[in-house]
$ cat protein-v5.txt   # compact mmCIF, N, CA and C atoms
# COMPACT_ATOMS: atom_id res chain seq x y z
N MET D 1 114.53 175.26 74.58
CA MET D 1 113.89 174.15 73.92
C MET D 1 112.74 173.59 74.76
N VAL D 2 112.90 173.58 76.07
CA VAL D 2 111.88 173.02 76.94
C VAL D 2 110.56 173.78 76.78
N ARG D 3 110.64 175.11 76.79
CA ARG D 3 109.42 175.92 76.64
C ARG D 3 108.79 175.72 75.27
N LEU D 4 109.62 175.64 74.25
CA LEU D 4 109.12 175.48 72.90
C LEU D 4 108.40 174.14 72.74
N LEU D 5 109.01 173.07 73.21
CA LEU D 5 108.37 171.76 73.11
C LEU D 5 107.08 171.71 73.90
N LYS D 6 107.07 172.35 75.08
CA LYS D 6 105.84 172.39 75.87
C LYS D 6 104.75 173.16 75.13
N ALA D 7 105.12 174.29 74.53
CA ALA D 7 104.14 175.09 73.78
C ALA D 7 103.57 174.31 72.60
N MET D 8 104.37 173.40 72.05
CA MET D 8 103.93 172.58 70.92
C MET D 8 103.21 171.31 71.37
N GLY D 9 103.16 171.07 72.68
CA GLY D 9 102.55 169.84 73.18
C GLY D 9 103.43 168.63 72.97
N LEU D 10 104.74 168.84 72.89
CA LEU D 10 105.68 167.76 72.63
C LEU D 10 106.71 167.60 73.75
N GLU D 11 106.32 167.95 74.95
CA GLU D 11 107.26 167.94 76.07
C GLU D 11 107.80 166.56 76.41
N GLN D 12 107.18 165.50 75.91
CA GLN D 12 107.68 164.16 76.19
C GLN D 12 109.06 163.92 75.57
N TYR D 13 109.49 164.81 74.67
CA TYR D 13 110.80 164.66 74.04
C TYR D 13 111.88 165.51 74.69
N ASN D 14 111.55 166.22 75.76
CA ASN D 14 112.52 167.07 76.44
C ASN D 14 113.77 166.29 76.87
N GLN D 15 113.56 165.12 77.43
CA GLN D 15 114.70 164.36 77.95
C GLN D 15 115.65 163.93 76.84
N SER D 16 115.13 163.38 75.76
CA SER D 16 116.03 162.92 74.69
C SER D 16 116.73 164.10 74.02
N ILE D 17 116.06 165.21 73.87
CA ILE D 17 116.67 166.38 73.26
C ILE D 17 117.73 166.98 74.18
N ALA D 18 117.44 167.04 75.47
CA ALA D 18 118.43 167.55 76.43
C ALA D 18 119.63 166.61 76.52
N GLN D 19 119.37 165.33 76.52
CA GLN D 19 120.44 164.33 76.62
C GLN D 19 121.43 164.46 75.46
N GLU D 20 120.94 164.82 74.29
CA GLU D 20 121.79 164.97 73.11
C GLU D 20 122.30 166.41 72.94
N HIS D 21 121.98 167.28 73.92
CA HIS D 21 122.43 168.68 73.91
C HIS D 21 121.96 169.42 72.65
N ILE D 22 120.69 169.21 72.30
CA ILE D 22 120.12 169.84 71.12
C ILE D 22 119.65 171.25 71.49
N THR D 23 120.18 172.22 70.80
CA THR D 23 119.75 173.61 70.95
C THR D 23 119.06 174.01 69.65
N GLY D 24 118.51 175.19 69.62
CA GLY D 24 117.79 175.64 68.43
C GLY D 24 118.64 175.62 67.18
N ASP D 25 119.91 176.03 67.31
CA ASP D 25 120.77 176.05 66.13
C ASP D 25 121.12 174.65 65.63
N VAL D 26 121.10 173.67 66.52
CA VAL D 26 121.33 172.28 66.11
C VAL D 26 120.03 171.68 65.56
N LEU D 27 118.91 172.02 66.19
CA LEU D 27 117.63 171.48 65.74
C LEU D 27 117.36 171.82 64.28
N VAL D 28 117.69 173.02 63.86
CA VAL D 28 117.40 173.41 62.48
C VAL D 28 118.23 172.64 61.46
N GLU D 29 119.24 171.93 61.91
CA GLU D 29 120.04 171.09 61.03
C GLU D 29 119.55 169.64 60.99
N CYS D 30 118.58 169.32 61.83
CA CYS D 30 118.08 167.94 61.92
C CYS D 30 117.20 167.59 60.72
N THR D 31 117.29 166.34 60.34
CA THR D 31 116.40 165.79 59.32
C THR D 31 115.35 164.96 60.01
N GLU D 32 114.34 164.56 59.25
CA GLU D 32 113.31 163.70 59.85
C GLU D 32 113.93 162.39 60.33
N ALA D 33 114.89 161.86 59.61
CA ALA D 33 115.55 160.62 60.02
C ALA D 33 116.28 160.78 61.35
N ILE D 34 116.93 161.92 61.55
CA ILE D 34 117.60 162.18 62.83
C ILE D 34 116.58 162.26 63.95
N LEU D 35 115.47 162.96 63.71
CA LEU D 35 114.42 163.06 64.73
C LEU D 35 113.93 161.68 65.13
N GLU D 36 113.74 160.83 64.15
CA GLU D 36 113.22 159.48 64.42
C GLU D 36 114.26 158.58 65.07
N LYS D 37 115.42 158.47 64.47
CA LYS D 37 116.39 157.46 64.90
C LYS D 37 117.29 157.91 66.05
N GLU D 38 117.71 159.16 66.05
CA GLU D 38 118.62 159.65 67.08
C GLU D 38 117.90 160.21 68.30
N LEU D 39 116.76 160.85 68.07
CA LEU D 39 116.02 161.46 69.17
C LEU D 39 114.80 160.66 69.59
N ASN D 40 114.58 159.53 68.94
CA ASN D 40 113.51 158.60 69.31
C ASN D 40 112.12 159.22 69.25
N ILE D 41 111.88 160.03 68.23
CA ILE D 41 110.55 160.60 68.03
C ILE D 41 109.83 159.68 67.06
N ALA D 42 109.11 158.71 67.63
CA ALA D 42 108.50 157.65 66.84
C ALA D 42 107.28 158.11 66.05
N SER D 43 106.55 159.08 66.56
CA SER D 43 105.32 159.53 65.92
C SER D 43 105.63 160.35 64.66
N LYS D 44 105.13 159.87 63.54
CA LYS D 44 105.31 160.58 62.27
C LYS D 44 104.72 161.99 62.36
N LEU D 45 103.56 162.12 62.98
CA LEU D 45 102.91 163.42 63.11
C LEU D 45 103.75 164.38 63.95
N HIS D 46 104.36 163.88 65.00
CA HIS D 46 105.22 164.73 65.82
C HIS D 46 106.44 165.18 65.03
N ARG D 47 107.00 164.28 64.24
CA ARG D 47 108.13 164.65 63.40
C ARG D 47 107.72 165.70 62.37
N VAL D 48 106.54 165.55 61.80
CA VAL D 48 106.05 166.53 60.82
C VAL D 48 105.95 167.90 61.48
N ARG D 49 105.41 167.95 62.69
CA ARG D 49 105.27 169.23 63.39
C ARG D 49 106.63 169.87 63.64
N LEU D 50 107.59 169.07 64.04
CA LEU D 50 108.93 169.60 64.27
C LEU D 50 109.60 170.01 62.97
N MET D 51 109.36 169.27 61.90
CA MET D 51 109.95 169.62 60.61
C MET D 51 109.39 170.96 60.10
N LYS D 52 108.15 171.27 60.40
CA LYS D 52 107.58 172.58 60.03
C LYS D 52 108.31 173.71 60.74
N LEU D 53 108.73 173.46 61.96
CA LEU D 53 109.53 174.43 62.69
C LEU D 53 110.92 174.53 62.06
N ILE D 54 111.51 173.40 61.76
CA ILE D 54 112.85 173.35 61.19
C ILE D 54 112.90 174.03 59.82
N ASP D 55 111.90 173.77 58.98
CA ASP D 55 111.94 174.34 57.62
C ASP D 55 111.43 175.78 57.55
N GLY D 56 111.01 176.32 58.69
CA GLY D 56 110.61 177.72 58.73
C GLY D 56 109.13 177.98 58.50
N SER D 57 108.35 176.92 58.31
CA SER D 57 106.90 177.11 58.12
C SER D 57 106.25 177.68 59.38
N HIS D 58 106.80 177.34 60.54
CA HIS D 58 106.34 177.88 61.83
C HIS D 58 107.53 178.53 62.50
N SER D 59 107.30 179.60 63.24
CA SER D 59 108.41 180.25 63.94
C SER D 59 108.36 179.93 65.43
N ALA D 60 109.54 179.74 66.00
CA ALA D 60 109.63 179.48 67.44
C ALA D 60 109.07 180.67 68.21
N LYS D 61 109.39 181.87 67.78
CA LYS D 61 108.90 183.07 68.45
C LYS D 61 107.37 183.11 68.43
N GLY D 62 106.78 182.80 67.29
CA GLY D 62 105.32 182.77 67.18
C GLY D 62 104.68 181.72 68.06
N ILE D 63 105.30 180.55 68.09
CA ILE D 63 104.77 179.46 68.91
C ILE D 63 104.83 179.84 70.38
N LEU D 64 105.97 180.39 70.81
CA LEU D 64 106.13 180.76 72.22
C LEU D 64 105.23 181.91 72.64
N SER D 65 104.85 182.76 71.68
CA SER D 65 103.96 183.87 72.02
C SER D 65 102.49 183.50 71.88
N GLY D 66 102.22 182.23 71.51
CA GLY D 66 100.83 181.77 71.43
C GLY D 66 100.19 181.99 70.08
N GLU D 67 100.97 182.42 69.10
CA GLU D 67 100.43 182.63 67.76
C GLU D 67 100.49 181.32 66.97
N GLY D 68 99.78 181.29 65.90
CA GLY D 68 99.88 180.16 64.99
C GLY D 68 99.15 178.91 65.45
N PRO D 69 99.55 177.77 64.92
CA PRO D 69 98.80 176.54 65.13
C PRO D 69 98.83 175.98 66.54
N TYR D 70 99.75 176.45 67.38
CA TYR D 70 99.86 175.90 68.72
C TYR D 70 99.36 176.85 69.79
N GLY D 71 98.78 177.97 69.39
CA GLY D 71 98.29 178.95 70.34
C GLY D 71 97.32 178.38 71.36
N ALA D 72 96.44 177.51 70.92
CA ALA D 72 95.44 176.92 71.82
C ALA D 72 96.09 176.04 72.87
N LEU D 73 97.26 175.46 72.57
CA LEU D 73 97.93 174.60 73.53
C LEU D 73 98.55 175.38 74.68
N THR D 74 98.84 176.65 74.46
CA THR D 74 99.50 177.44 75.49
C THR D 74 98.52 178.20 76.38
N GLN D 75 97.26 178.13 76.05
CA GLN D 75 96.24 178.86 76.82
C GLN D 75 95.99 178.21 78.16
$ encode --input "protein-v5.txt" --output "structure tokens"
Amino acid sequence: MVRLLKAMGLEQYNQSIAQEHITGDVLVECTEAILEKELNIASKLHRVRLMKLIDGSHSAKGILSGEGPYGALTQ
């Protein structure tokens, strides 16, 4: 999760996600409300980006390999 959040430019959420023991299989079960209220992701835009990952619009593998919308962040 740490590498994925960094690749997405969302590393500021590493601590809250680690504290709640969120893994990829748990993340895909999260709703926007959980991201906001339980994981303290206040930014609507950040939640939207994570929801695209959760709903399958973006792939973790693609993000980590520098493909897709976050490729420029990993350069």
$ residues_around --input "protein-v5.txt" --residues "range 28-35 of chain D" --least-positions-apart "3" --cutoff "10 Å" --atoms "only C-alpha atoms" --output "ChimeraX atom specification"
/D:17,22-25,38-44,46-48,50-51,53-56
$ atom_distance --input "protein-v5.txt" --atom1 "CA of Leu4 in chain D" --atom2 "CA of Leu64 in chain D"
6.1 Å
$ select_by_dssp --input "protein-v5.txt" --residues "chain D" --states "helix (DSSP H, G or I)" --output "short mmCIF file (atom, residue, chain, number, x, y, z; two decimals) with N, CA and C atoms, in the frame of the given file"
data_model
loop_
_atom_site.label_atom_id
_atom_site.label_comp_id
_atom_site.auth_asym_id
_atom_site.auth_seq_id
_atom_site.Cartn_x
_atom_site.Cartn_y
_atom_site.Cartn_z
N VAL D 2 112.90 173.58 76.07
CA VAL D 2 111.88 173.02 76.94
C VAL D 2 110.56 173.78 76.78
N ARG D 3 110.64 175.11 76.79
CA ARG D 3 109.42 175.92 76.64
C ARG D 3 108.79 175.72 75.27
N LEU D 4 109.62 175.64 74.25
CA LEU D 4 109.12 175.48 72.90
C LEU D 4 108.40 174.14 72.74
N LEU D 5 109.01 173.07 73.21
CA LEU D 5 108.37 171.76 73.11
C LEU D 5 107.08 171.71 73.90
N LYS D 6 107.07 172.35 75.08
CA LYS D 6 105.84 172.39 75.87
C LYS D 6 104.75 173.16 75.13
N ALA D 7 105.12 174.29 74.53
CA ALA D 7 104.14 175.09 73.78
C ALA D 7 103.57 174.31 72.60
N GLU D 11 106.32 167.95 74.95
CA GLU D 11 107.26 167.94 76.07
C GLU D 11 107.80 166.56 76.41
N GLN D 12 107.18 165.50 75.91
CA GLN D 12 107.68 164.16 76.19
C GLN D 12 109.06 163.92 75.57
N TYR D 13 109.49 164.81 74.67
CA TYR D 13 110.80 164.66 74.04
C TYR D 13 111.88 165.51 74.69
N ASN D 14 111.55 166.22 75.76
CA ASN D 14 112.52 167.07 76.44
C ASN D 14 113.77 166.29 76.87
N GLN D 15 113.56 165.12 77.43
CA GLN D 15 114.70 164.36 77.95
C GLN D 15 115.65 163.93 76.84
N SER D 16 115.13 163.38 75.76
CA SER D 16 116.03 162.92 74.69
C SER D 16 116.73 164.10 74.02
N ILE D 17 116.06 165.21 73.87
CA ILE D 17 116.67 166.38 73.26
C ILE D 17 117.73 166.98 74.18
N ALA D 18 117.44 167.04 75.47
CA ALA D 18 118.43 167.55 76.43
C ALA D 18 119.63 166.61 76.52
N GLN D 19 119.37 165.33 76.52
CA GLN D 19 120.44 164.33 76.62
C GLN D 19 121.43 164.46 75.46
N GLY D 24 118.51 175.19 69.62
CA GLY D 24 117.79 175.64 68.43
C GLY D 24 118.64 175.62 67.18
N ASP D 25 119.91 176.03 67.31
CA ASP D 25 120.77 176.05 66.13
C ASP D 25 121.12 174.65 65.63
N VAL D 26 121.10 173.67 66.52
CA VAL D 26 121.33 172.28 66.11
C VAL D 26 120.03 171.68 65.56
N LEU D 27 118.91 172.02 66.19
CA LEU D 27 117.63 171.48 65.74
C LEU D 27 117.36 171.82 64.28
N GLU D 32 114.34 164.56 59.25
CA GLU D 32 113.31 163.70 59.85
C GLU D 32 113.93 162.39 60.33
N ALA D 33 114.89 161.86 59.61
CA ALA D 33 115.55 160.62 60.02
C ALA D 33 116.28 160.78 61.35
N ILE D 34 116.93 161.92 61.55
CA ILE D 34 117.60 162.18 62.83
C ILE D 34 116.58 162.26 63.95
N LEU D 35 115.47 162.96 63.71
CA LEU D 35 114.42 163.06 64.73
C LEU D 35 113.93 161.68 65.13
N GLU D 36 113.74 160.83 64.15
CA GLU D 36 113.22 159.48 64.42
C GLU D 36 114.26 158.58 65.07
N LYS D 37 115.42 158.47 64.47
CA LYS D 37 116.39 157.46 64.90
C LYS D 37 117.29 157.91 66.05
N LYS D 44 105.13 159.87 63.54
CA LYS D 44 105.31 160.58 62.27
C LYS D 44 104.72 161.99 62.36
N LEU D 45 103.56 162.12 62.98
CA LEU D 45 102.91 163.42 63.11
C LEU D 45 103.75 164.38 63.95
N HIS D 46 104.36 163.88 65.00
CA HIS D 46 105.22 164.73 65.82
C HIS D 46 106.44 165.18 65.03
N ARG D 47 107.00 164.28 64.24
CA ARG D 47 108.13 164.65 63.40
C ARG D 47 107.72 165.70 62.37
N VAL D 48 106.54 165.55 61.80
CA VAL D 48 106.05 166.53 60.82
C VAL D 48 105.95 167.90 61.48
N ARG D 49 105.41 167.95 62.69
CA ARG D 49 105.27 169.23 63.39
C ARG D 49 106.63 169.87 63.64
N LEU D 50 107.59 169.07 64.04
CA LEU D 50 108.93 169.60 64.27
C LEU D 50 109.60 170.01 62.97
N MET D 51 109.36 169.27 61.90
CA MET D 51 109.95 169.62 60.61
C MET D 51 109.39 170.96 60.10
N LYS D 52 108.15 171.27 60.40
CA LYS D 52 107.58 172.58 60.03
C LYS D 52 108.31 173.71 60.74
N LEU D 53 108.73 173.46 61.96
CA LEU D 53 109.53 174.43 62.69
C LEU D 53 110.92 174.53 62.06
N ILE D 54 111.51 173.40 61.76
CA ILE D 54 112.85 173.35 61.19
C ILE D 54 112.90 174.03 59.82
N ALA D 60 109.54 179.74 66.00
CA ALA D 60 109.63 179.48 67.44
C ALA D 60 109.07 180.67 68.21
N LYS D 61 109.39 181.87 67.78
CA LYS D 61 108.90 183.07 68.45
C LYS D 61 107.37 183.11 68.43
N GLY D 62 106.78 182.80 67.29
CA GLY D 62 105.32 182.77 67.18
C GLY D 62 104.68 181.72 68.06
N ILE D 63 105.30 180.55 68.09
CA ILE D 63 104.77 179.46 68.91
C ILE D 63 104.83 179.84 70.38
N LEU D 64 105.97 180.39 70.81
CA LEU D 64 106.13 180.76 72.22
C LEU D 64 105.23 181.91 72.64
N GLY D 68 99.78 181.29 65.90
CA GLY D 68 99.88 180.16 64.99
C GLY D 68 99.15 178.91 65.45
N PRO D 69 99.55 177.77 64.92
CA PRO D 69 98.80 176.54 65.13
C PRO D 69 98.83 175.98 66.54
N TYR D 70 99.75 176.45 67.38
CA TYR D 70 99.86 175.90 68.72
C TYR D 70 99.36 176.85 69.79
N GLY D 71 98.78 177.97 69.39
CA GLY D 71 98.29 178.95 70.34
C GLY D 71 97.32 178.38 71.36
N ALA D 72 96.44 177.51 70.92
CA ALA D 72 95.44 176.92 71.82
C ALA D 72 96.09 176.04 72.87
N LEU D 73 97.26 175.46 72.57
CA LEU D 73 97.93 174.60 73.53
C LEU D 73 98.55 175.38 74.68
N THR D 74 98.84 176.65 74.46
CA THR D 74 99.50 177.44 75.49
C THR D 74 98.52 178.20 76.38
#
$ atom_distance --input "protein-v5.txt" --atom1 "atom C of Ile63 in chain D" --atom2 "atom N of Glu11 in chain D"
12.8 Å
$ decode --input "protein-v5.txt" --residues "chain D" --atoms "C-alpha atoms" --output "PDB file, in the first residue's frame"
ATOM      1  CA  MET D   1       0.000   0.000   0.000  1.00  0.00           C
ATOM      2  CA  VAL D   2       2.843   2.396   0.784  1.00  0.00           C
ATOM      3  CA  ARG D   3       4.279   2.159  -2.737  1.00  0.00           C
ATOM      4  CA  LEU D   4       0.858   2.478  -4.323  1.00  0.00           C
ATOM      5  CA  LEU D   5      -0.076   5.590  -2.355  1.00  0.00           C
ATOM      6  CA  LYS D   6       3.305   7.136  -3.134  1.00  0.00           C
ATOM      7  CA  ALA D   7       2.865   6.388  -6.841  1.00  0.00           C
ATOM      8  CA  MET D   8      -0.523   8.110  -6.678  1.00  0.00           C
ATOM      9  CA  GLY D   9       0.890  11.122  -4.814  1.00  0.00           C
ATOM     10  CA  LEU D  10      -1.208  10.259  -1.761  1.00  0.00           C
ATOM     11  CA  GLU D  11       1.504   9.182   0.665  1.00  0.00           C
ATOM     12  CA  GLN D  12       0.134  11.493   3.370  1.00  0.00           C
ATOM     13  CA  TYR D  13      -2.452   8.770   4.072  1.00  0.00           C
ATOM     14  CA  ASN D  14       0.089   6.000   4.721  1.00  0.00           C
ATOM     15  CA  GLN D  15      -0.131   6.383   8.485  1.00  0.00           C
ATOM     16  CA  SER D  16      -3.916   6.235   8.781  1.00  0.00           C
ATOM     17  CA  ILE D  17      -4.137   3.302   6.368  1.00  0.00           C
ATOM     18  CA  ALA D  18      -1.367   1.404   8.165  1.00  0.00           C
ATOM     19  CA  GLN D  19      -2.896   2.179  11.558  1.00  0.00           C
ATOM     20  CA  GLU D  20      -6.168   0.565  10.445  1.00  0.00           C
ATOM     21  CA  HIS D  21      -4.301  -2.404   8.867  1.00  0.00           C
ATOM     22  CA  ILE D  22      -5.749  -1.692   5.422  1.00  0.00           C
ATOM     23  CA  THR D  23      -4.447  -4.029   2.738  1.00  0.00           C
ATOM     24  CA  GLY D  24      -5.438  -4.151  -0.910  1.00  0.00           C
ATOM     25  CA  ASP D  25      -8.159  -6.719  -0.306  1.00  0.00           C
ATOM     26  CA  VAL D  26      -9.677  -4.519   2.419  1.00  0.00           C
ATOM     27  CA  LEU D  27      -9.281  -1.316   0.406  1.00  0.00           C
ATOM     28  CA  VAL D  28     -11.442  -2.668  -2.416  1.00  0.00           C
ATOM     29  CA  GLU D  29     -14.287  -3.055   0.079  1.00  0.00           C
ATOM     30  CA  CYS D  30     -14.085   0.582   1.217  1.00  0.00           C
ATOM     31  CA  THR D  31     -16.725   3.131   0.343  1.00  0.00           C
ATOM     32  CA  GLU D  32     -16.155   6.837  -0.068  1.00  0.00           C
ATOM     33  CA  ALA D  33     -17.718   7.352   3.374  1.00  0.00           C
ATOM     34  CA  ILE D  34     -15.203   4.950   4.947  1.00  0.00           C
ATOM     35  CA  LEU D  35     -12.323   6.747   3.223  1.00  0.00           C
ATOM     36  CA  GLU D  36     -13.557  10.060   4.573  1.00  0.00           C
ATOM     37  CA  LYS D  37     -14.715   9.188   8.076  1.00  0.00           C
ATOM     38  CA  GLU D  38     -12.598   6.191   9.093  1.00  0.00           C
ATOM     39  CA  LEU D  39      -9.373   6.934   7.226  1.00  0.00           C
ATOM     40  CA  ASN D  40      -9.584  10.734   7.501  1.00  0.00           C
ATOM     41  CA  ILE D  41      -9.207  11.417   3.789  1.00  0.00           C
ATOM     42  CA  ALA D  42     -10.764  14.869   3.814  1.00  0.00           C
ATOM     43  CA  SER D  43     -10.043  15.817   0.200  1.00  0.00           C
ATOM     44  CA  LYS D  44     -12.929  14.896  -2.101  1.00  0.00           C
ATOM     45  CA  LEU D  45     -10.507  14.719  -5.040  1.00  0.00           C
ATOM     46  CA  HIS D  46      -8.237  12.305  -3.190  1.00  0.00           C
ATOM     47  CA  ARG D  47     -11.231  10.116  -2.371  1.00  0.00           C
ATOM     48  CA  VAL D  48     -12.287  10.187  -6.029  1.00  0.00           C
ATOM     49  CA  ARG D  49      -8.816   9.032  -7.081  1.00  0.00           C
ATOM     50  CA  LEU D  50      -8.895   6.177  -4.593  1.00  0.00           C
ATOM     51  CA  MET D  51     -12.439   5.229  -5.597  1.00  0.00           C
ATOM     52  CA  LYS D  52     -11.250   4.874  -9.222  1.00  0.00           C
ATOM     53  CA  LEU D  53      -8.738   2.334  -7.958  1.00  0.00           C
ATOM     54  CA  ILE D  54     -11.376   0.591  -5.845  1.00  0.00           C
ATOM     55  CA  ASP D  55     -13.958   0.371  -8.641  1.00  0.00           C
ATOM     56  CA  GLY D  56     -11.390  -0.938 -11.113  1.00  0.00           C
ATOM     57  CA  SER D  57     -11.146   2.129 -13.358  1.00  0.00           C
ATOM     58  CA  HIS D  58      -7.408   2.216 -12.548  1.00  0.00           C
ATOM     59  CA  SER D  59      -5.237  -0.799 -11.778  1.00  0.00           C
ATOM     60  CA  ALA D  60      -2.716  -0.957  -8.961  1.00  0.00           C
ATOM     61  CA  LYS D  61      -0.330  -2.841 -11.232  1.00  0.00           C
ATOM     62  CA  GLY D  62      -0.599  -0.127 -13.887  1.00  0.00           C
ATOM     63  CA  ILE D  63      -0.086   2.656 -11.372  1.00  0.00           C
ATOM     64  CA  LEU D  64       2.959   0.959  -9.848  1.00  0.00           C
ATOM     65  CA  SER D  65       4.485   0.371 -13.278  1.00  0.00           C
ATOM     66  CA  GLY D  66       4.058   4.047 -14.202  1.00  0.00           C
ATOM     67  CA  GLU D  67       1.206   3.538 -16.639  1.00  0.00           C
ATOM     68  CA  GLY D  68      -2.006   5.485 -16.674  1.00  0.00           C
ATOM     69  CA  PRO D  69      -2.879   8.773 -15.016  1.00  0.00           C
ATOM     70  CA  TYR D  70      -0.196   8.644 -12.334  1.00  0.00           C
ATOM     71  CA  GLY D  71       2.777   7.764 -14.534  1.00  0.00           C
ATOM     72  CA  ALA D  72       4.148  11.300 -14.398  1.00  0.00           C
ATOM     73  CA  LEU D  73       4.165  11.199 -10.587  1.00  0.00           C
ATOM     74  CA  THR D  74       6.503   8.216 -10.507  1.00  0.00           C
ATOM     75  CA  GLN D  75       9.090   9.672 -12.879  1.00  0.00           C
TER      76      GLN D  75
END
